[in-house]
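Shown next: work00.txt, containing compact mmCIF, C-alpha atoms.
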```txt
# COMPACT_ATOMS: atom_id res chain seq x y z
CA ASN A 21 140.95 56.76 42.94
CA ALA A 22 141.07 52.98 42.79
CA GLY A 23 143.58 52.94 45.66
CA VAL A 24 145.76 49.81 45.77
CA THR A 25 144.74 46.99 43.44
CA GLN A 26 146.07 43.44 43.43
CA THR A 27 145.63 40.61 40.95
CA PRO A 28 144.84 37.79 41.03
CA LYS A 29 142.62 37.38 44.11
CA PHE A 30 143.20 33.62 44.27
CA GLN A 31 145.88 31.37 42.75
CA VAL A 32 146.82 27.70 43.00
CA LEU A 33 150.30 26.66 41.90
CA LYS A 34 152.21 23.42 41.76
CA THR A 35 155.59 23.16 43.41
CA GLY A 36 158.27 24.58 41.11
CA GLN A 37 155.99 26.82 39.08
CA SER A 38 156.66 30.54 38.85
CA MET A 39 154.23 33.42 38.80
CA THR A 40 153.92 37.16 39.29
CA LEU A 41 151.56 38.86 41.70
CA GLN A 42 150.54 42.25 40.42
CA CYS A 43 150.16 45.41 42.52
CA ALA A 44 149.29 48.91 41.36
CA GLN A 45 148.40 52.18 43.07
CA ASP A 46 147.11 55.45 41.67
CA MET A 47 147.91 57.74 44.60
CA ASN A 48 151.43 58.68 43.48
CA HIS A 49 152.93 57.03 46.56
CA GLU A 50 156.68 56.60 46.58
CA TYR A 51 156.75 53.86 49.22
CA MET A 52 155.38 50.42 48.34
CA SER A 53 155.77 47.11 50.09
CA TRP A 54 154.80 43.45 49.99
CA TYR A 55 153.77 41.43 53.05
CA ARG A 56 152.72 37.89 53.64
CA GLN A 57 150.21 36.99 56.32
CA ASP A 58 150.26 33.57 57.93
CA PRO A 59 147.98 32.37 60.76
CA GLY A 60 149.24 33.48 64.17
CA MET A 61 152.25 35.31 62.74
CA GLY A 62 150.96 38.72 61.77
CA LEU A 63 152.24 40.35 58.60
CA ARG A 64 155.87 39.95 57.60
CA LEU A 65 157.66 42.24 55.19
CA ILE A 66 158.99 40.54 52.03
CA HIS A 67 160.35 43.42 49.93
CA TYR A 68 159.83 47.13 49.77
CA SER A 69 160.58 50.09 47.50
CA VAL A 70 161.12 53.77 48.32
CA GLY A 71 160.68 54.88 44.72
CA ALA A 72 160.97 53.86 41.08
CA GLY A 73 164.17 51.93 40.49
CA ILE A 74 164.88 51.37 44.20
CA THR A 75 164.01 48.13 46.00
CA ASP A 76 165.28 46.41 49.13
CA GLN A 77 164.76 43.23 51.08
CA GLY A 78 162.49 42.87 54.04
CA GLU A 79 162.32 40.24 56.74
CA VAL A 80 161.49 37.20 54.55
CA PRO A 81 162.82 37.85 51.00
CA ASN A 82 164.01 34.35 50.04
CA GLY A 83 162.21 32.92 47.02
CA TYR A 84 160.80 36.27 45.90
CA ASN A 85 161.93 38.98 43.48
CA VAL A 86 160.61 42.48 42.93
CA SER A 87 161.19 45.37 40.54
CA ARG A 88 159.89 48.94 40.44
CA SER A 89 160.09 50.40 36.94
CA THR A 90 157.27 52.92 37.53
CA THR A 91 155.85 54.72 40.56
CA GLU A 92 152.50 52.96 40.07
CA ASP A 93 153.47 49.29 39.80
CA PHE A 94 155.29 46.93 42.14
CA PRO A 95 155.05 43.28 41.01
CA LEU A 96 156.16 40.38 43.19
CA ARG A 97 157.65 37.33 41.46
CA LEU A 98 157.77 33.85 42.90
CA LEU A 99 160.72 32.17 41.22
CA SER A 100 160.02 28.50 42.01
CA ALA A 101 156.96 28.06 44.22
CA ALA A 102 157.21 25.94 47.36
CA PRO A 103 154.45 24.79 49.76
CA SER A 104 156.00 27.08 52.42
CA GLN A 105 154.92 30.03 50.26
CA THR A 106 151.25 29.19 50.75
CA SER A 107 149.97 32.39 52.31
CA VAL A 108 147.94 35.55 51.81
CA TYR A 109 149.96 38.29 50.15
CA PHE A 110 149.25 41.98 50.66
CA CYS A 111 150.64 44.97 48.84
CA ALA A 112 150.65 48.37 50.55
CA SER A 113 151.64 51.92 49.71
CA SER A 114 152.09 55.23 51.52
CA TYR A 115 153.60 58.70 51.25
CA PHE A 116 156.36 57.62 53.65
CA LYS A 117 159.76 59.21 53.02
CA ALA A 118 162.75 59.09 55.33
CA GLY A 119 163.00 62.51 56.90
CA GLY A 120 159.47 63.38 55.86
CA ASN A 121 156.37 64.04 57.92
CA PRO A 122 155.54 60.98 60.06
CA SER A 123 151.84 61.84 59.92
CA THR A 124 151.67 61.18 56.16
CA ASP A 125 152.66 57.53 56.55
CA THR A 126 149.11 56.14 56.50
CA GLN A 127 149.35 52.73 54.87
CA TYR A 128 146.88 51.78 52.15
CA PHE A 129 146.51 48.05 51.61
CA GLY A 130 145.26 46.08 48.65
CA PRO A 131 142.63 43.33 49.08
CA GLY A 132 145.21 40.56 49.05
CA THR A 133 146.06 37.49 46.96
CA ARG A 134 145.38 34.09 48.49
CA LEU A 135 148.05 31.70 47.18
CA THR A 136 148.11 27.93 47.60
CA VAL A 137 151.13 25.91 46.52
CA LEU A 138 150.52 22.17 46.19
CA LYS B 25 165.08 43.28 66.14
CA GLN B 26 161.75 44.94 66.84
CA GLU B 27 159.05 42.67 68.25
CA VAL B 28 155.42 43.67 68.62
CA THR B 29 153.03 41.83 70.93
CA GLN B 30 149.29 42.22 71.19
CA ILE B 31 147.27 41.08 74.17
CA PRO B 32 144.73 39.57 74.31
CA ALA B 33 144.76 37.43 71.17
CA ALA B 34 140.95 37.28 71.24
CA LEU B 35 138.24 39.16 73.07
CA SER B 36 134.47 38.78 73.24
CA VAL B 37 132.33 41.52 74.79
CA PRO B 38 128.64 42.46 74.90
CA GLU B 39 127.48 45.40 72.83
CA GLY B 40 127.88 48.79 74.51
CA GLU B 41 130.94 47.91 76.54
CA ASN B 42 134.06 50.09 76.50
CA LEU B 43 137.21 48.09 75.80
CA VAL B 44 140.97 48.39 75.59
CA LEU B 45 143.33 46.57 73.25
CA ASN B 46 147.00 46.44 74.15
CA CYS B 47 150.14 46.61 72.02
CA SER B 48 153.72 46.47 73.26
CA PHE B 49 156.99 46.82 71.36
CA THR B 50 160.57 46.09 72.34
CA ASP B 51 162.51 48.91 70.63
CA SER B 52 161.45 52.43 71.58
CA ALA B 53 163.24 54.01 68.58
CA ILE B 54 160.08 54.28 66.53
CA TYR B 55 158.99 56.72 63.81
CA ASN B 56 155.28 56.13 64.32
CA LEU B 57 152.74 53.57 65.48
CA GLN B 58 149.66 52.63 63.52
CA TRP B 59 146.46 50.75 64.34
CA PHE B 60 144.63 48.82 61.64
CA ARG B 61 141.39 46.93 61.31
CA GLN B 62 141.08 43.74 59.25
CA ASP B 63 137.77 42.12 58.39
CA PRO B 64 137.76 38.40 57.49
CA GLY B 65 139.11 37.79 54.00
CA LYS B 66 139.87 41.47 53.49
CA GLY B 67 142.86 43.79 53.45
CA LEU B 68 143.85 46.12 56.27
CA THR B 69 142.25 49.50 56.86
CA SER B 70 144.18 52.20 58.70
CA LEU B 71 142.42 53.48 61.82
CA LEU B 72 144.87 55.76 63.60
CA LEU B 73 148.49 56.85 63.21
CA ILE B 74 150.43 58.27 66.17
CA GLN B 75 153.68 60.05 65.51
CA SER B 76 156.54 59.24 67.88
CA SER B 77 156.28 62.76 69.34
CA GLN B 78 152.56 62.41 70.12
CA ARG B 79 150.81 60.85 73.11
CA GLU B 80 147.42 60.08 71.58
CA GLN B 81 145.14 60.31 68.58
CA THR B 82 141.36 60.20 68.41
CA SER B 83 138.90 59.32 65.67
CA GLY B 84 135.24 59.05 66.59
CA ARG B 85 134.82 56.32 69.20
CA LEU B 86 138.48 55.30 68.88
CA ASN B 87 141.34 56.65 70.95
CA ALA B 88 144.90 55.42 70.67
CA SER B 89 147.60 56.30 73.16
CA LEU B 90 151.37 55.92 72.93
CA ASP B 91 153.95 55.65 75.70
CA LYS B 92 157.15 55.36 73.74
CA SER B 93 159.48 55.11 76.72
CA SER B 94 157.68 52.06 78.09
CA GLY B 95 157.02 50.56 74.65
CA ARG B 96 153.24 50.50 74.94
CA SER B 97 150.17 51.60 73.06
CA THR B 98 146.49 51.09 73.77
CA LEU B 99 143.46 51.31 71.51
CA TYR B 100 140.34 52.33 73.38
CA ILE B 101 136.97 51.62 71.76
CA ALA B 102 134.01 53.36 73.37
CA ALA B 103 130.48 52.00 73.33
CA SER B 104 131.34 48.95 71.22
CA GLN B 105 128.97 47.83 68.43
CA PRO B 106 128.61 44.52 66.57
CA GLY B 107 130.08 46.29 63.51
CA ASP B 108 133.32 46.70 65.44
CA SER B 109 133.87 42.93 65.24
CA ALA B 110 137.15 42.43 63.38
CA THR B 111 140.83 41.79 63.98
CA TYR B 112 142.80 44.82 65.18
CA LEU B 113 146.51 45.01 64.43
CA CYS B 114 149.13 47.46 65.60
CA ALA B 115 152.35 48.15 63.75
CA VAL B 116 155.41 50.25 64.49
CA ARG B 117 157.77 51.82 61.99
CA GLY B 118 161.39 51.91 63.07
CA ASP B 119 163.31 55.16 63.21
CA THR B 120 166.59 53.75 61.90
CA GLY B 121 167.96 51.35 59.32
CA ARG B 122 165.41 49.75 57.06
CA ARG B 123 162.60 51.67 58.80
CA ALA B 124 160.38 48.66 58.31
CA LEU B 125 156.82 48.39 59.57
CA THR B 126 156.63 45.58 62.15
CA PHE B 127 153.21 44.12 62.91
CA GLY B 128 151.74 42.41 65.92
CA SER B 129 149.68 39.24 65.49
CA GLY B 130 146.44 41.08 66.21
CA THR B 131 143.50 40.93 68.62
CA ARG B 132 140.35 39.26 67.28
CA LEU B 133 137.36 41.16 68.66
CA GLN B 134 133.81 39.84 68.76
CA VAL B 135 131.08 42.22 69.91
CA GLN B 136 127.89 40.35 70.74
CA PRO B 137 124.49 41.98 70.13
```
Structure re-expressed in structure tokens:
Amino acid sequence: NAGVTQTPKFQVLKTGQSMTLQCAQDMNHEYMSWYRQDPGMGLRLIHYSVGAGITDQGEVPNGYNVSRSTTEDFPLRLLSAAPSQTSVYFCASSYFKAGGNPSTDTQYFGPGTRLTVL
Amino acid sequence: KQEVTQIPAALSVPEGENLVLNCSFTDSAIYNLQWFRQDPGKGLTSLLLIQSSQREQTSGRLNASLDKSSGRSTLYIAASQPGDSATYLCAVRGDTGRRALTFGSGTRLQVQP
């Protein structure tokens, strides 16, 4: 298994540009999520999905869109990049299901995308 | 809103020392609590997951405890090694609503040879 893969690893954008961060997993996980990590602030949830066709907002969703057309892929779109979106972005997946076994919720993280917006 | 705090923010110890990392959370209605390790420039690796009904979990030299009623968890690392140097993060998953995973800011650990 490749686990959780993210592309690209690094990206520099100009203010106003758009782009898509790719995330894929091959573990048949229903639950996928996107986080951003900023110095001194831990990880903050942007969007998440509990299965194909179902997405919802997290703590900091403004300026980002997601879709989940397949179980494997969960891309994150930046609509119009702003300097405040400079961050490291992580995608994660797990077997988590509401009402399921809490012990199967081990989170698997991708290696991250380091984004700089000028 | 759930808030997770980790103390200390940074810790430096000599090799071989036993150490404790602390995590506290404000809302005791949790589904589980997880401890992660993050190496510089890397993603997070899951270390231990404690279900809300459990008191502790062990893996090798790591032991994590959970006191849900007081909103506290500790990660105990026995006989620390330089390879343990990393940032350790705890996260709690809520038991209601969005059931989001809320992270602490982490403890940066340096184990000196």
query: If you count all atoms listed in the file, which residues fall within 8 Å of Ser107 in chain A, apart from same-chain ones fewer than 5 positions away, as number ranges by chain?
result: A: 56-58, 134-136
message: Residues of chain A within 6 Å of chain B, counting only C-alpha atoms, what are they? List them as a VMD selection string.
response: chain A and resid 60 to 63 122 129 to 132
query: Which value, in Å to one decimal, gives the distance between CA of Cys111 in chain A and CA of Thr91 in chain A?
result: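 That distance, rounded to one decimal, is 13.8 Å.
One finds CA of Asp125 in chain A at 26.4 Å from CA of Leu43 in chain B.
Going from CA of Thr35 in chain A to CA of Gly78 in chain A covers 23.4 Å.
Checking A:Phe94, A:Leu99, A:Val108, A:His49 one by one against Thr126 in chain A, counting only C-alpha atoms, you find the shortest gap at A:His49.
The nearest approach to Asn46 in chain B among the residues B:Thr131, B:Ser93, B:Gln81, B:Ser104, with only C-alpha atoms taken into account, belongs to B:Thr131.
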